[in-house]
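This report refers to the structure that appears directly beneath it.
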Amino acid sequence: MDDYKKLRDMMVDYQLIPRGIKDERVLAAMRKVPRHLFVPDFIRHSAYDDIALPIGDDQTISQPYMVAVMTELLELRGDEKVLEVGTGSGYQAALLAELAREVYTVERISTLADGARRRLTDLGYENVYVIVSDGTKGLEDKAPFDRIIVTAAAPKIPEPLINQLKDGGIIVAPVGERFSQILIKGKKEKGMLIEEYHTPCVFVPLVGEYGWKG
């Protein structure tokens, strides 16, 4: 276990800080959350490498740097209610649970949701709720949210997510074509989304009623 802690520290010290990640709470969370427990056993040795990794069902766990960028853009202070669209392995949800008050994470693939729920429970996270649903529709019964993070690529930010974001809230999502996107940070002001464009990226497609159709 000490070896994994060393690898987490190296991930932060050599992948994240030199590339501009500055939020001390984000860096501390990434030093703490055991990323190797969120990847399949046969690639556990690569858990802290600077790459995305397969987690089954044609889905991936994102590159550590991309996870850090998206998390930092959320500007979390600790008292937020967060919606994550695309639970995957549950790693991003674990980081959010370290940094926010309450996390709702939606996954359309039930096997992935079940695995993520088990990992998060085993690690003692009591402020994360995993729901199997079409994440492009958000979670109307739990809205509004202070922050929303979308961890799959959409042709545009789904309208239900914008509607479920509090005024003054932030949404972070990769938006663009199937195989090439730009990371967008949107802040809702007087009902309108003011967008900033950040790093180019490549995510698996966001499938659902307000995303890609499959």
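Letters for chains follow the order of the structure tokens (A, B, ...), residue numbers begin at 1 for each chain, and ligand numbers begin at 1 in the order shown.
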So which residues touch Thr60 of chain A within 9 Å, counting only C-alpha atoms, skipping near sequence neighbours fewer than 4 positions away, as a PDB file with N, CA and C atoms, in the first residue's frame?
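Result file is around-v7.pdb:
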```pdb
ATOM      1  N   ALA A  52      -5.674   7.376 -20.071  1.00  0.00           N
ATOM      2  CA  ALA A  52      -6.983   6.800 -19.769  1.00  0.00           C
ATOM      3  C   ALA A  52      -6.866   5.286 -19.832  1.00  0.00           C
ATOM      4  N   LEU A  53      -7.730   4.584 -19.089  1.00  0.00           N
ATOM      5  CA  LEU A  53      -7.671   3.125 -19.033  1.00  0.00           C
ATOM      6  C   LEU A  53      -9.060   2.535 -19.221  1.00  0.00           C
ATOM      7  N   PRO A  54      -9.162   1.351 -19.841  1.00  0.00           N
ATOM      8  CA  PRO A  54     -10.461   0.702 -20.023  1.00  0.00           C
ATOM      9  C   PRO A  54     -10.994   0.151 -18.709  1.00  0.00           C
ATOM     10  N   ILE A  55     -12.318   0.256 -18.524  1.00  0.00           N
ATOM     11  CA  ILE A  55     -12.945  -0.285 -17.305  1.00  0.00           C
ATOM     12  C   ILE A  55     -14.070  -1.260 -17.647  1.00  0.00           C
ATOM     13  N   GLY A  56     -14.173  -1.632 -18.936  1.00  0.00           N
ATOM     14  CA  GLY A  56     -15.226  -2.543 -19.360  1.00  0.00           C
ATOM     15  C   GLY A  56     -16.393  -1.812 -19.989  1.00  0.00           C
ATOM     16  N   GLY A  88     -19.135   5.703 -14.449  1.00  0.00           N
ATOM     17  CA  GLY A  88     -18.003   4.859 -14.824  1.00  0.00           C
ATOM     18  C   GLY A  88     -17.545   4.002 -13.661  1.00  0.00           C
ATOM     19  N   SER A  89     -16.267   4.074 -13.347  1.00  0.00           N
ATOM     20  CA  SER A  89     -15.693   3.274 -12.259  1.00  0.00           C
ATOM     21  C   SER A  89     -16.038   3.817 -10.875  1.00  0.00           C
ATOM     22  N   PHE A 203     -13.268  12.080 -25.235  1.00  0.00           N
ATOM     23  CA  PHE A 203     -14.011  11.265 -24.281  1.00  0.00           C
ATOM     24  C   PHE A 203     -14.889  10.272 -25.034  1.00  0.00           C
ATOM     25  N   VAL A 204     -15.310   9.225 -24.340  1.00  0.00           N
ATOM     26  CA  VAL A 204     -16.314   8.322 -24.910  1.00  0.00           C
ATOM     27  C   VAL A 204     -17.620   9.103 -25.064  1.00  0.00           C
TER      28      VAL A 204
END
```
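Every protein, DNA or RNA residue with an atom at most 8 Å from Glu209 of chain A, where only C-alpha atoms count and chain neighbours fewer than 4 positions away do not, is listed here: Asp134, Thr136, Lys137 and Lys213 of chain A.
The coordinates place atom CA of Arg44 of chain A at 22.3 Å from atom CA of Ala97 of chain A.
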Sorted by chain and rising residue number, list the residues of segment 54-160 of chain A at most 10 Å from segment 178-201 of chain A (counting only C-alpha atoms), each with its closest atom pair and distance in Å to one decimal, as a tab-separated table.
```
residue	atom	partner	partner_atom	distance
A:Met66	CA	A:Cys201	CA	8.2
A:Val69	CA	A:Thr199	CA	8.9
A:Met70	CA	A:Leu183	CA	8.1
A:Leu73	CA	A:Lys185	CA	6.9
A:Leu74	CA	A:Lys185	CA	8.0
A:Arg147	CA	A:Lys187	CA	9.4
A:Ile148	CA	A:Gly186	CA	9.7
A:Ile149	CA	A:Lys185	CA	9.4
A:Ala153	CA	A:Gln181	CA	7.0
A:Ala154	CA	A:Arg178	CA	7.9
A:Pro155	CA	A:Arg178	CA	7.7
A:Lys156	CA	A:Ile184	CA	9.9
A:Ile157	CA	A:Ile184	CA	9.0
```
My list of candidates is A:Glu24, A:Asp141, A:Asp41, A:Asp50. Which is closest to Leu7 of chain A when distances are computed with only C-alpha atoms? A:Asp50
Among A:Leu112, A:Ala93, A:Ala173, A:Leu16, Asp58 of chain A is approached most closely, using only C-alpha atoms, by A:Leu112
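We find atom CA of Thr151 of chain A and atom CA of Leu96 of chain A to be spaced 12.6 Å apart.
Excluding Pro144 of chain A itself and same-chain residues fewer than 3 positions from it, the residues having an atom within 7 Å of it are Gln164, Leu165 and Lys166 of chain A, counting only C-alpha atoms.
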Just list as an NGL selection string whatever in segment 88-192 of chain A DSSP marks as strand (DSSP E or B). :A and (102-107 or 128-132 or 145-150 or 153-154 or 165-177 or 180-189 or 192)
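With atom CA of Glu80 of chain A on one side and atom CA of Val132 of chain A on the other, the separation reads 21.8 Å.
Taking only C-alpha atoms into account, Tyr48 of chain A lies nearest to A:Met10 out of the set A:Met10, A:Val202, A:Ile170, A:Leu27.
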In segment 79-168 of chain A, what's helix (DSSP H, G or I) per DSSP? Answer as a compact mmCIF listing (two decimals) with N, CA, C and O atoms, in the first residue's frame?
```
# COMPACT_ATOMS: atom_id res chain seq x y z
N TYR A 91 -14.42 6.65 -9.74
CA TYR A 91 -13.25 7.40 -9.27
C TYR A 91 -13.54 8.90 -9.16
O TYR A 91 -13.24 9.52 -8.14
N GLN A 92 -14.12 9.47 -10.21
CA GLN A 92 -14.45 10.90 -10.16
C GLN A 92 -15.42 11.19 -9.02
O GLN A 92 -15.29 12.20 -8.32
N ALA A 93 -16.39 10.30 -8.81
CA ALA A 93 -17.36 10.50 -7.72
C ALA A 93 -16.67 10.50 -6.37
O ALA A 93 -17.04 11.26 -5.46
N ALA A 94 -15.66 9.64 -6.20
CA ALA A 94 -14.92 9.60 -4.94
C ALA A 94 -14.19 10.92 -4.69
O ALA A 94 -14.20 11.46 -3.58
N LEU A 95 -13.58 11.46 -5.73
CA LEU A 95 -12.92 12.77 -5.60
C LEU A 95 -13.92 13.85 -5.24
O LEU A 95 -13.67 14.69 -4.36
N LEU A 96 -15.07 13.84 -5.92
CA LEU A 96 -16.10 14.84 -5.63
C LEU A 96 -16.59 14.71 -4.19
O LEU A 96 -16.87 15.71 -3.53
N ALA A 97 -16.69 13.46 -3.71
CA ALA A 97 -17.14 13.23 -2.33
C ALA A 97 -16.17 13.81 -1.32
O ALA A 97 -16.57 14.21 -0.21
N GLU A 98 -14.89 13.86 -1.68
CA GLU A 98 -13.89 14.48 -0.80
C GLU A 98 -14.02 16.00 -0.77
O GLU A 98 -13.62 16.65 0.19
N LEU A 99 -14.60 16.56 -1.83
CA LEU A 99 -14.53 18.01 -2.04
C LEU A 99 -15.87 18.73 -1.92
O LEU A 99 -15.89 19.96 -1.87
N SER A 110 -25.82 -0.54 -15.93
CA SER A 110 -26.06 -0.99 -14.55
C SER A 110 -24.88 -1.74 -13.95
O SER A 110 -24.61 -1.62 -12.75
N THR A 111 -24.14 -2.50 -14.77
CA THR A 111 -22.99 -3.24 -14.23
C THR A 111 -21.91 -2.28 -13.73
O THR A 111 -21.30 -2.52 -12.68
N LEU A 112 -21.69 -1.21 -14.46
CA LEU A 112 -20.73 -0.20 -14.00
C LEU A 112 -21.22 0.50 -12.75
O LEU A 112 -20.45 0.73 -11.80
N ALA A 113 -22.50 0.84 -12.72
CA ALA A 113 -23.07 1.49 -11.54
C ALA A 113 -22.95 0.61 -10.30
O ALA A 113 -22.59 1.08 -9.22
N ASP A 114 -23.22 -0.68 -10.46
CA ASP A 114 -23.14 -1.60 -9.33
C ASP A 114 -21.70 -1.69 -8.80
O ASP A 114 -21.47 -1.68 -7.58
N GLY A 115 -20.74 -1.77 -9.71
CA GLY A 115 -19.35 -1.83 -9.30
C GLY A 115 -18.90 -0.56 -8.60
O GLY A 115 -18.21 -0.60 -7.58
N ALA A 116 -19.29 0.59 -9.15
CA ALA A 116 -18.94 1.87 -8.54
C ALA A 116 -19.55 2.01 -7.16
O ALA A 116 -18.89 2.45 -6.20
N ARG A 117 -20.81 1.63 -7.03
CA ARG A 117 -21.49 1.71 -5.74
C ARG A 117 -20.78 0.87 -4.69
O ARG A 117 -20.57 1.29 -3.55
N ARG A 118 -20.36 -0.32 -5.08
CA ARG A 118 -19.65 -1.21 -4.16
C ARG A 118 -18.31 -0.61 -3.73
O ARG A 118 -17.99 -0.59 -2.54
N ARG A 119 -17.55 -0.09 -4.67
CA ARG A 119 -16.26 0.50 -4.34
C ARG A 119 -16.42 1.70 -3.40
O ARG A 119 -15.68 1.85 -2.43
N LEU A 120 -17.36 2.56 -3.73
CA LEU A 120 -17.56 3.76 -2.92
C LEU A 120 -18.02 3.41 -1.50
O LEU A 120 -17.58 4.02 -0.53
N THR A 121 -18.87 2.40 -1.40
CA THR A 121 -19.31 1.94 -0.08
C THR A 121 -18.15 1.34 0.70
O THR A 121 -17.96 1.64 1.88
N ASP A 122 -17.36 0.50 0.04
CA ASP A 122 -16.22 -0.14 0.70
C ASP A 122 -15.22 0.89 1.21
O ASP A 122 -14.55 0.67 2.23
N GLY A 135 -28.37 9.79 -17.96
CA GLY A 135 -27.80 11.00 -17.35
C GLY A 135 -28.02 12.26 -18.14
O GLY A 135 -27.95 13.36 -17.58
N THR A 136 -28.31 12.15 -19.44
CA THR A 136 -28.55 13.37 -20.23
C THR A 136 -29.81 14.10 -19.78
O THR A 136 -29.98 15.28 -20.07
N LYS A 137 -30.67 13.39 -19.04
CA LYS A 137 -31.88 14.01 -18.51
C LYS A 137 -31.66 14.62 -17.13
O LYS A 137 -32.57 15.27 -16.59
N GLU A 140 -34.13 15.42 -12.14
CA GLU A 140 -35.07 16.50 -11.86
C GLU A 140 -35.51 16.52 -10.41
O GLU A 140 -35.65 17.59 -9.80
N ASP A 141 -35.69 15.34 -9.81
CA ASP A 141 -36.20 15.29 -8.43
C ASP A 141 -35.17 15.70 -7.40
O ASP A 141 -35.52 15.93 -6.24
N LYS A 142 -33.90 15.81 -7.79
CA LYS A 142 -32.85 16.25 -6.85
C LYS A 142 -32.34 17.65 -7.18
O LYS A 142 -31.51 18.19 -6.45
N GLU A 159 -29.82 20.29 -22.55
CA GLU A 159 -30.68 21.35 -22.01
C GLU A 159 -31.19 21.04 -20.59
O GLU A 159 -31.23 21.95 -19.74
N PRO A 160 -31.58 19.79 -20.29
CA PRO A 160 -32.05 19.51 -18.93
C PRO A 160 -30.99 19.81 -17.86
O PRO A 160 -31.33 20.21 -16.74
N LEU A 161 -29.73 19.60 -18.21
CA LEU A 161 -28.66 19.87 -17.24
C LEU A 161 -28.53 21.37 -16.97
O LEU A 161 -28.35 21.79 -15.82
N ILE A 162 -28.65 22.16 -18.01
CA ILE A 162 -28.60 23.62 -17.83
C ILE A 162 -29.78 24.07 -16.96
O ILE A 162 -29.62 24.90 -16.05
N ASN A 163 -30.94 23.49 -17.22
CA ASN A 163 -32.13 23.86 -16.44
C ASN A 163 -32.01 23.46 -14.98
O ASN A 163 -32.59 24.13 -14.10
```
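In terms of minimum interatomic distance to Arg25 of chain A, A:Ala100 ranks closest within A:Ala100, A:Val67, A:Leu139, A:Val39, counting only C-alpha atoms.
Excluding Gly86 of chain A and any residue on its chain fewer than 5 positions from it, the residues at most 9 Å away by only C-alpha atoms are Thr105, Val106, Glu107, Arg108, Gly135, Ile149, Val150, Thr151, Ala152 and Leu206 of chain A.
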Pick from A:Pro64, A:Pro40, A:Gly138, A:Pro34 nearest to Leu83 of chain A, counting only C-alpha atoms: A:Gly138
